[in-house]
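S.K.: The structure file final-v9.txt (compact mmCIF, C-alpha atoms and all ligand atoms) is provided below.
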```txt
# COMPACT_ATOMS: atom_id res chain seq x y z
CA MET T 1 -20.92 76.09 -19.03
CA ASP T 2 -24.38 74.68 -18.37
CA LEU T 3 -24.89 71.37 -16.58
CA GLN T 4 -25.85 69.42 -19.74
CA THR T 5 -22.69 70.49 -21.54
CA GLN T 6 -20.62 69.55 -18.51
CA LEU T 7 -22.25 66.11 -18.44
CA LYS T 8 -21.54 65.58 -22.15
CA ASP T 9 -17.94 66.71 -21.62
CA LEU T 10 -17.49 64.33 -18.69
CA GLN T 11 -18.79 61.41 -20.77
CA ALA T 12 -16.59 62.27 -23.78
CA THR T 13 -13.37 62.81 -21.80
CA THR T 14 -13.88 59.68 -19.68
CA VAL T 15 -14.48 57.49 -22.75
CA ALA T 16 -11.38 58.99 -24.39
CA LYS T 17 -9.27 58.29 -21.25
CA LEU T 18 -10.52 54.69 -21.14
CA LYS T 19 -9.20 54.10 -24.64
CA ASP T 20 -5.74 55.15 -23.51
CA ILE T 21 -5.49 52.78 -20.56
CA ARG T 22 -3.11 49.89 -21.25
CA HIS T 23 -3.42 46.34 -20.07
CA GLU T 24 -0.87 46.66 -17.31
CA ASN T 25 -2.73 49.60 -15.76
CA VAL T 26 -5.57 47.99 -13.87
CA LYS T 27 -4.92 50.46 -11.07
CA ASP T 28 -5.33 53.47 -13.41
CA LEU T 29 -8.68 52.07 -14.45
CA GLN T 30 -9.83 51.69 -10.87
CA ASP T 31 -8.64 55.19 -9.98
CA LEU T 32 -10.44 56.69 -12.95
CA LYS T 33 -13.65 54.89 -12.00
CA VAL T 34 -13.49 56.29 -8.48
CA GLN T 35 -12.77 59.78 -9.87
CA VAL T 36 -15.77 59.73 -12.19
CA LEU T 37 -18.39 57.41 -10.68
CA GLY T 38 -17.27 57.24 -7.03
CA LYS T 39 -19.25 58.76 -4.12
CA LYS T 40 -17.15 61.90 -4.29
CA GLY T 41 -16.55 61.66 -8.02
CA SER T 42 -17.21 64.14 -10.84
CA LEU T 43 -20.70 62.85 -11.60
CA THR T 44 -21.82 63.22 -7.97
CA GLU T 45 -20.30 66.70 -8.03
CA LEU T 46 -22.32 67.66 -11.12
CA LEU T 47 -25.48 66.25 -9.53
CA LYS T 48 -25.24 68.87 -6.82
CA GLY T 49 -26.00 71.49 -9.55
CA LEU T 50 -29.42 69.90 -10.13
CA LYS T 51 -30.99 71.76 -7.21
CA ASP T 52 -30.29 75.16 -8.88
CA LEU T 53 -32.15 74.24 -12.06
CA SER T 54 -35.71 75.26 -12.88
CA ASN T 55 -38.44 72.69 -12.28
CA ASP T 56 -38.77 72.22 -16.08
CA GLN T 57 -35.10 71.45 -16.45
CA LYS T 58 -34.70 69.16 -13.43
CA PRO T 59 -36.31 65.99 -14.94
CA ILE T 60 -34.56 66.48 -18.29
CA VAL T 61 -31.11 66.88 -16.80
CA GLY T 62 -31.84 64.17 -14.17
CA LYS T 63 -32.60 61.73 -16.96
CA MET T 64 -29.44 62.74 -18.72
CA VAL T 65 -27.40 62.12 -15.54
CA ASN T 66 -28.78 58.58 -15.40
CA GLU T 67 -27.98 58.01 -19.07
CA VAL T 68 -24.43 59.26 -18.65
CA ARG T 69 -23.99 57.01 -15.57
CA ASP T 70 -25.23 53.98 -17.56
CA VAL T 71 -23.00 54.71 -20.54
CA LEU T 72 -19.93 55.19 -18.34
CA THR T 73 -20.61 52.10 -16.19
CA ALA T 74 -20.83 49.98 -19.37
CA ALA T 75 -17.66 51.62 -20.72
CA PHE T 76 -15.76 50.83 -17.49
CA ASP T 77 -17.00 47.20 -17.61
CA ASP T 78 -15.84 46.84 -21.24
CA ALA T 79 -12.45 48.32 -20.42
CA ALA T 80 -12.01 45.97 -17.45
CA LYS T 81 -12.83 43.00 -19.65
CA LEU T 82 -10.36 44.09 -22.29
CA LEU T 83 -7.65 44.53 -19.68
CA GLU T 84 -8.32 41.05 -18.30
CA GLU T 85 -8.09 39.46 -21.76
CA ALA T 86 -4.93 41.35 -22.57
CA ALA T 87 -3.36 40.22 -19.28
CA ILE T 88 -4.13 36.55 -20.06
CA GLU T 89 -2.68 36.88 -23.55
CA ALA T 90 0.48 38.50 -22.19
CA LYS T 91 0.86 35.69 -19.64
CA LEU T 92 0.42 32.99 -22.30
CA ALA T 93 2.95 34.67 -24.57
CA ALA T 94 5.50 34.74 -21.74
CA GLU T 95 4.90 31.05 -20.94
CA SER T 96 5.05 29.70 -24.46
CA LEU T 97 5.88 25.96 -24.71
CA ASP T 98 8.83 24.61 -26.59
CA VAL T 99 7.23 21.72 -28.39
CA THR T 100 10.58 20.59 -29.75
CA LEU T 101 11.86 19.61 -26.28
CA PRO T 102 12.20 15.82 -25.91
CA GLY T 103 9.38 14.27 -23.81
CA ARG T 104 9.85 12.62 -20.44
CA PRO T 105 9.73 8.83 -20.92
CA ILE T 106 6.68 7.20 -19.29
CA LYS T 107 7.58 4.01 -17.47
CA GLN T 108 5.55 1.16 -18.82
CA GLY T 109 4.61 -1.72 -16.58
CA ASN T 110 4.06 -5.33 -17.59
CA ARG T 111 1.85 -8.19 -16.56
CA HIS T 112 2.92 -10.02 -13.43
CA VAL T 113 4.91 -13.18 -14.13
CA LEU T 114 2.21 -15.27 -12.41
CA THR T 115 -0.46 -13.76 -14.66
CA GLN T 116 1.72 -14.50 -17.68
CA THR T 117 2.22 -18.11 -16.53
CA SER T 118 -1.45 -18.69 -15.93
CA GLU T 119 -2.45 -17.10 -19.26
CA GLU T 120 0.06 -19.27 -21.09
CA ILE T 121 -1.28 -22.43 -19.45
CA GLU T 122 -4.86 -21.31 -20.14
CA ASP T 123 -4.02 -20.84 -23.84
CA ILE T 124 -2.60 -24.36 -24.09
CA PHE T 125 -5.71 -25.90 -22.49
CA LEU T 126 -8.10 -23.75 -24.52
CA GLY T 127 -6.37 -25.16 -27.59
CA MET T 128 -7.27 -28.65 -26.34
CA GLY T 129 -10.96 -27.78 -25.95
CA PHE T 130 -10.97 -27.20 -22.16
CA GLN T 131 -13.21 -24.53 -20.63
CA ILE T 132 -11.89 -22.09 -18.04
CA VAL T 133 -13.96 -21.90 -14.86
CA ASP T 134 -13.80 -19.37 -12.02
CA GLY T 135 -14.09 -20.55 -8.44
CA TYR T 136 -14.71 -18.86 -5.09
CA GLU T 137 -11.79 -17.83 -2.90
CA VAL T 138 -14.19 -17.73 0.06
CA GLU T 139 -15.62 -21.22 -0.05
CA LYS T 140 -17.84 -23.51 1.96
CA ASP T 141 -16.22 -26.19 4.09
CA TYR T 142 -18.66 -28.49 2.28
CA TYR T 143 -17.07 -27.95 -1.16
CA ASN T 144 -13.48 -27.46 -0.01
CA PHE T 145 -13.38 -30.61 2.13
CA GLU T 146 -16.53 -32.74 2.33
CA ARG T 147 -17.19 -32.92 -1.40
CA MET T 148 -13.51 -33.76 -1.85
CA ASN T 149 -14.03 -36.83 0.30
CA LEU T 150 -12.55 -35.18 3.39
CA PRO T 151 -15.33 -35.45 5.98
CA LYS T 152 -15.04 -33.54 9.25
CA ASP T 153 -12.26 -34.95 11.47
CA HIS T 154 -10.52 -36.60 8.49
CA PRO T 155 -6.80 -36.59 9.39
CA ALA T 156 -5.77 -35.29 5.93
CA ARG T 157 -7.50 -31.98 6.81
CA ASP T 158 -4.54 -31.23 9.07
CA MET T 159 -2.27 -30.75 6.07
CA GLN T 160 -4.57 -28.02 4.78
CA ASP T 161 -5.49 -25.92 7.78
CA THR T 162 -6.83 -22.54 6.76
CA PHE T 163 -8.44 -19.26 7.80
CA TYR T 164 -12.06 -19.74 8.88
CA ILE T 165 -14.69 -17.02 8.45
CA THR T 166 -17.28 -19.12 10.31
CA GLU T 167 -17.26 -22.81 11.16
CA ASP T 168 -18.66 -23.56 7.70
CA ILE T 169 -17.06 -20.86 5.57
CA LEU T 170 -13.33 -20.63 4.94
CA LEU T 171 -10.65 -19.38 2.59
CA ARG T 172 -10.22 -22.29 0.19
CA THR T 173 -7.07 -24.37 0.62
CA HIS T 174 -6.93 -25.60 -2.97
CA THR T 175 -8.74 -25.10 -6.27
CA SER T 176 -10.25 -28.62 -6.02
CA PRO T 177 -13.69 -27.45 -4.77
CA VAL T 178 -14.25 -26.12 -8.31
CA GLN T 179 -14.26 -29.78 -9.41
CA ALA T 180 -17.41 -30.52 -7.40
CA ARG T 181 -19.14 -27.28 -8.39
CA THR T 182 -18.44 -27.90 -12.10
CA MET T 183 -19.43 -31.59 -12.02
CA ASP T 184 -22.75 -30.62 -10.37
CA GLN T 185 -23.51 -28.38 -13.35
CA HIS T 186 -22.27 -30.50 -16.22
CA ASP T 187 -24.65 -32.05 -18.74
CA PHE T 188 -22.94 -35.21 -20.03
CA SER T 189 -25.31 -35.50 -22.97
CA GLN T 190 -23.31 -32.56 -24.39
CA GLY T 191 -20.02 -34.49 -24.18
CA PRO T 192 -17.25 -35.00 -21.62
CA LEU T 193 -16.34 -32.39 -19.03
CA LYS T 194 -12.95 -30.76 -19.64
CA MET T 195 -12.07 -27.77 -17.53
CA ILE T 196 -9.28 -25.90 -15.82
CA SER T 197 -9.67 -23.41 -13.02
CA PRO T 198 -6.86 -21.05 -12.01
CA GLY T 199 -7.01 -19.09 -8.78
CA ARG T 200 -5.72 -18.03 -5.41
CA VAL T 201 -5.66 -20.40 -2.45
CA PHE T 202 -4.79 -20.01 1.25
CA ARG T 203 -3.21 -22.20 3.87
CA ARG T 204 -1.90 -21.95 7.38
CA ASP T 205 1.63 -22.52 6.12
CA THR T 206 4.73 -20.80 7.43
CA ASP T 207 6.25 -18.54 4.78
CA ASP T 208 9.70 -19.56 3.56
CA ALA T 209 11.55 -19.64 0.23
CA THR T 210 9.18 -22.22 -1.29
CA HIS T 211 5.98 -21.83 0.77
CA SER T 212 3.52 -19.01 1.14
CA HIS T 213 0.28 -18.77 3.15
CA GLN T 214 -1.35 -17.50 -0.04
CA PHE T 215 -0.46 -18.90 -3.45
CA HIS T 216 -1.96 -19.90 -6.79
CA GLN T 217 -3.04 -23.21 -8.24
CA ILE T 218 -4.52 -24.38 -11.49
CA GLU T 219 -7.02 -27.18 -11.17
CA GLY T 220 -7.65 -29.48 -14.10
CA LEU T 221 -10.52 -31.95 -14.49
CA VAL T 222 -11.64 -34.30 -17.25
CA VAL T 223 -14.64 -36.59 -16.76
CA GLY T 224 -16.17 -38.74 -19.47
CA GLU T 225 -16.44 -42.32 -20.65
CA ASN T 226 -13.24 -44.39 -20.78
CA ILE T 227 -10.96 -41.71 -19.35
CA SER T 228 -7.81 -43.44 -18.14
CA MET T 229 -4.55 -42.82 -16.33
CA GLY T 230 -2.96 -42.82 -19.81
CA ASP T 231 -5.00 -39.72 -20.69
CA LEU T 232 -3.75 -38.04 -17.51
CA LYS T 233 -0.14 -38.87 -18.26
CA GLY T 234 -0.44 -37.78 -21.92
CA THR T 235 -2.08 -34.47 -20.99
CA LEU T 236 0.52 -33.67 -18.33
CA GLU T 237 3.40 -34.66 -20.59
CA MET T 238 2.11 -32.33 -23.26
CA ILE T 239 1.66 -29.33 -20.96
CA ILE T 240 5.05 -29.80 -19.33
CA LYS T 241 6.85 -30.08 -22.67
CA LYS T 242 5.10 -26.90 -23.85
CA MET T 243 6.05 -25.05 -20.66
CA PHE T 244 9.57 -26.39 -20.13
CA GLY T 245 10.77 -27.66 -23.52
CA GLU T 246 10.59 -30.87 -25.54
CA ASP T 247 13.51 -32.61 -23.82
CA ARG T 248 11.79 -32.48 -20.39
CA LYS T 249 10.70 -35.83 -18.91
CA ILE T 250 7.99 -36.42 -16.31
CA ARG T 251 7.72 -39.04 -13.60
CA LEU T 252 4.59 -40.16 -11.77
CA ARG T 253 5.12 -41.20 -8.15
CA PRO T 254 2.44 -42.92 -6.06
CA SER T 255 0.90 -40.53 -3.56
CA TYR T 256 -2.27 -39.99 -1.56
CA PHE T 257 -5.14 -37.54 -1.96
CA PRO T 258 -8.55 -38.47 -0.50
CA PHE T 259 -10.29 -37.25 -3.69
CA THR T 260 -8.27 -39.30 -6.21
CA GLU T 261 -7.58 -43.02 -6.46
CA PRO T 262 -4.94 -43.87 -7.50
CA SER T 263 -3.11 -40.62 -6.67
CA VAL T 264 0.22 -39.47 -7.97
CA GLU T 265 2.72 -36.73 -7.44
CA VAL T 266 4.25 -35.52 -10.69
CA ASP T 267 7.92 -34.63 -10.98
CA VAL T 268 9.64 -32.98 -13.90
CA SER T 269 13.28 -33.60 -14.78
CA CYS T 270 15.42 -30.85 -13.32
CA PHE T 271 15.70 -27.75 -15.53
CA LYS T 272 19.20 -27.05 -14.28
CA CYS T 273 21.02 -30.37 -14.46
CA GLY T 274 18.66 -32.21 -16.83
CA GLY T 275 18.38 -35.14 -14.38
CA ASP T 276 21.99 -35.68 -13.26
CA GLY T 277 21.38 -34.25 -9.80
CA CYS T 278 22.27 -30.78 -8.52
CA ASN T 279 21.53 -28.41 -5.65
CA VAL T 280 18.22 -27.21 -7.21
CA CYS T 281 16.71 -30.74 -7.36
CA LYS T 282 18.39 -31.78 -4.10
CA LYS T 283 20.54 -34.30 -6.02
CA THR T 284 17.49 -36.30 -7.15
CA GLY T 285 17.31 -35.08 -10.76
CA TRP T 286 13.54 -34.42 -10.34
CA ILE T 287 11.39 -31.54 -9.11
CA GLU T 288 7.79 -31.96 -7.89
CA ILE T 289 5.28 -29.66 -9.50
CA LEU T 290 1.79 -31.06 -9.05
CA GLY T 291 -0.58 -33.53 -7.51
CA ALA T 292 -2.97 -35.59 -9.62
CA GLY T 293 -4.94 -38.80 -9.93
CA MET T 294 -8.08 -40.52 -11.12
CA VAL T 295 -11.19 -38.91 -9.63
CA HIS T 296 -12.34 -40.96 -6.64
CA PRO T 297 -15.63 -42.82 -7.31
CA ARG T 298 -17.07 -41.26 -4.11
CA VAL T 299 -16.39 -37.78 -5.50
CA LEU T 300 -18.20 -38.66 -8.75
CA GLU T 301 -21.12 -40.14 -6.82
CA MET T 302 -21.51 -37.04 -4.67
CA SER T 303 -22.13 -35.11 -7.92
CA GLY T 304 -24.68 -37.69 -9.04
CA ILE T 305 -22.31 -39.18 -11.64
CA ASP T 306 -22.31 -42.97 -12.05
CA PRO T 307 -18.72 -44.22 -11.56
CA GLU T 308 -19.61 -47.40 -13.45
CA VAL T 309 -20.19 -45.31 -16.58
CA TYR T 310 -17.90 -42.34 -16.16
CA SER T 311 -14.34 -41.93 -14.99
CA GLY T 312 -12.04 -38.95 -14.85
CA PHE T 313 -8.68 -37.52 -13.96
CA ALA T 314 -7.80 -34.39 -12.05
CA PHE T 315 -4.67 -32.45 -11.25
CA GLY T 316 -3.69 -29.39 -9.26
CA LEU T 317 -0.50 -27.57 -10.04
CA GLY T 318 1.21 -24.79 -8.14
CA GLN T 319 1.60 -21.77 -10.39
CA GLU T 320 4.43 -20.30 -8.36
CA ARG T 321 6.29 -23.60 -8.56
CA ILE T 322 5.99 -23.61 -12.36
CA ALA T 323 7.16 -20.01 -12.68
CA MET T 324 10.05 -20.58 -10.26
CA LEU T 325 11.25 -23.57 -12.25
CA ARG T 326 10.85 -21.85 -15.53
CA TYR T 327 12.67 -18.65 -14.66
CA GLY T 328 15.04 -19.93 -12.00
CA ILE T 329 13.40 -17.85 -9.22
CA ASN T 330 14.75 -19.04 -5.91
CA ASP T 331 12.44 -17.29 -3.42
CA ILE T 332 8.64 -17.42 -3.66
CA ARG T 333 8.31 -14.18 -1.66
CA GLY T 334 9.55 -12.22 -4.67
CA PHE T 335 6.16 -12.75 -6.35
CA TYR T 336 4.24 -10.80 -3.75
CA GLN T 337 6.51 -7.94 -2.73
CA GLY T 338 5.46 -5.59 -5.54
CA ASP T 339 9.06 -4.61 -6.31
CA ALA T 340 9.14 -3.28 -9.89
CA ARG T 341 12.72 -4.54 -10.31
CA PHE T 342 11.44 -8.10 -9.84
CA SER T 343 8.55 -7.71 -12.33
CA GLU T 344 10.65 -5.92 -14.95
CA GLN T 345 12.73 -9.05 -15.45
CA PHE T 346 9.76 -10.81 -17.04
CA LYS T 347 8.84 -8.37 -19.80
C1 LIG V 401 -3.42 -30.17 -3.62
O1 LIG V 401 -3.68 -29.01 -3.24
C2 LIG V 401 -4.45 -30.95 -4.38
N1 LIG V 401 -5.71 -30.29 -4.36
C3 LIG V 401 -3.92 -31.16 -5.80
C4 LIG V 401 -4.72 -32.18 -6.56
C5 LIG V 401 -5.73 -31.76 -7.40
C6 LIG V 401 -4.42 -33.55 -6.42
C7 LIG V 401 -6.46 -32.69 -8.11
C8 LIG V 401 -5.16 -34.45 -7.12
C9 LIG V 401 -6.17 -34.04 -7.96
P1 LIG V 401 -0.96 -30.15 -2.75
O2 LIG V 401 -1.27 -29.78 -1.36
O3 LIG V 401 0.17 -31.08 -2.96
O4 LIG V 401 -2.22 -30.77 -3.50
O5 LIG V 401 -0.68 -28.79 -3.57
C10 LIG V 401 -0.51 -28.79 -4.96
C11 LIG V 401 0.67 -27.90 -5.37
O6 LIG V 401 0.49 -26.60 -4.79
C12 LIG V 401 2.02 -28.38 -4.85
O7 LIG V 401 2.57 -29.31 -5.74
C13 LIG V 401 2.81 -27.09 -4.80
O8 LIG V 401 3.31 -26.78 -6.07
C14 LIG V 401 1.76 -26.06 -4.47
N2 LIG V 401 1.80 -25.65 -3.04
C15 LIG V 401 1.33 -26.34 -1.99
N3 LIG V 401 1.51 -25.63 -0.84
C16 LIG V 401 2.12 -24.50 -1.18
C17 LIG V 401 2.57 -23.34 -0.46
N4 LIG V 401 2.39 -23.18 0.85
N5 LIG V 401 3.15 -22.33 -1.16
C18 LIG V 401 3.28 -22.41 -2.50
N6 LIG V 401 2.89 -23.47 -3.25
C19 LIG V 401 2.31 -24.50 -2.60
```
What would the structure in this file look like if it were written as structure tokens?
Ligand code: FA5

M.R.:
Amino acid sequence: MDLQTQLKDLQATTVAKLKDIRHENVKDLQDLKVQVLGKKGSLTELLKGLKDLSNDQKPIVGKMVNEVRDVLTAAFDDAAKLLEEAAIEAKLAAESLDVTLPGRPIKQGNRHVLTQTSEEIEDIFLGMGFQIVDGYEVEKDYYNFERMNLPKDHPARDMQDTFYITEDILLRTHTSPVQARTMDQHDFSQGPLKMISPGRVFRRDTDDATHSHQFHQIEGLVVGENISMGDLKGTLEMIIKKMFGEDRKIRLRPSYFPFTEPSVEVDVSCFKCGGDGCNVCKKTGWIEILGAGMVHPRVLEMSGIDPEVYSGFAFGLGQERIAMLRYGINDIRGFYQGDARFSEQFK
């Protein structure tokens, strides 16, 4: 048989063999490739016959060898691709999903009880036309103390020691500095100032069941013409009845804050005994929830507001205290421990 016929035969038989190879026989394919196109394969073997051909024949048959090599290389590539696809399909078929199986339930979280409390209080105040203002947790001594009528070395600073970043910058001890910042900005030609400001505050307090070194307050401030203590009492009565129920009473006790005059501490009738006296209210029938008062004239003046024309009231309530009373939570530390079993109770 001449060389050209042998080449044609090799091409035809190899292509026929490739068609027979099944998807599981990757090894057969590799073996066949080595047999035909490898260094010691059939094509190399046939090439050796080139040297015996006449000079006329050599380029013709040489060209044919190249063509056969190209055709076979492409055929091997196609076969390899087919095998790969078939293998993937076989794997998918074996791994088929049972879409009728019941799904795994995904545990759904819920908003933290403190977030819920603050959002509820915000909604009530929004309904009364208050704006909600954000303050700075890292605050200047100037706003946290001096603008609240607590100059340096004022003894009442001792009750609110805090974490200092520098001598003049600290972690705020209450949300009251937002009062000064908001009053500085307010344009009274647009009407009275009515705002609340919820946020995190920090103190050098020892942690126990009712105290934390980091807790949340909501500041409230109203400044305008003819604002009186009656407005303060009415506003607080309304919010407390909305939060704790219509039959709840409030009591204003004289107190002292350097930034309000007069100052009061506000108690709510005990949620457990209704005022008769029990272990929750320490037999008094009342539970303290916030501090409040009429904005001190000095504080108004420091914001450039004339105390002869304008007056105002302010209050600061402890969010944890409200939530504890509302849900009967007896340890403040539960709020911060991140235990899902605690949070799940307030869905
Ligand atoms: C103040 O912080 C005043 N700035 C409130 C105020 C605002 C008075 C505007 C007048 C006008 P006091 O230190 O009492 O006040 O804190 C207010 C509330 O924060 C308390 O009634 C209590 O509910 C809560 N609170 C205080 N210290 C802690 C603490 N360590 N852990 C948790 N809650 C606290």

S.K.: Between CA of Glu85 (chain T) and CA of Thr100 (chain T), what is the distance, to one decimal in Å?

M.R.: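 Computing it gives 27.7 Å between the two atoms.
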
S.K.: Draw an axis-aligned box over all listed atoms of ligand LIG 401 (chain V), pad each side with 8 Å, and write its centre and edge lengths in Å, one decimal, as lines of an AutoDock Vina configuration file.

M.R.:
```
center_x = -1.6
center_y = -28.4
center_z = -3.6
size_x = 25.8
size_y = 28.1
size_z = 25.0
```

S.K.: Around ligand LIG 401 (chain V), which protein and nucleic acid residues have at least one atom no more than 8 Å from it, if we count all atoms listed in the file? List them as an MDAnalysis selection string.

M.R.: chainID T and resid 159:160 173:176 202:207 210:217 219:221 257 259:260 263:265 288:295 313:322 332

S.K.: Which residue is closest to Pro258 (chain T)? Choose from T:Ala90, T:Val65, T:Leu10, T:Val299 and count all atoms listed in the file.

M.R.: T:Val299

S.K.: Provide the CA of Arg248 (chain T) to CA of Ser269 (chain T) distance in Å, to one decimal place.

M.R.: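 So the answer is 5.9 Å.
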
S.K.: Rank T:Ala80, T:Asp267, T:Ser228, T:Ala180 by their smallest atom-to-atom distance to Lys33 (chain T), using all atoms listed in the file, and report the top residue only.

M.R.: T:Ala80

S.K.: Ranking T:Ile329, T:Leu193, T:Ala74, T:Leu53 by minimum distance to Gln131 (chain T) and counting only C-alpha atoms, which one comes first?

M.R.: T:Leu193
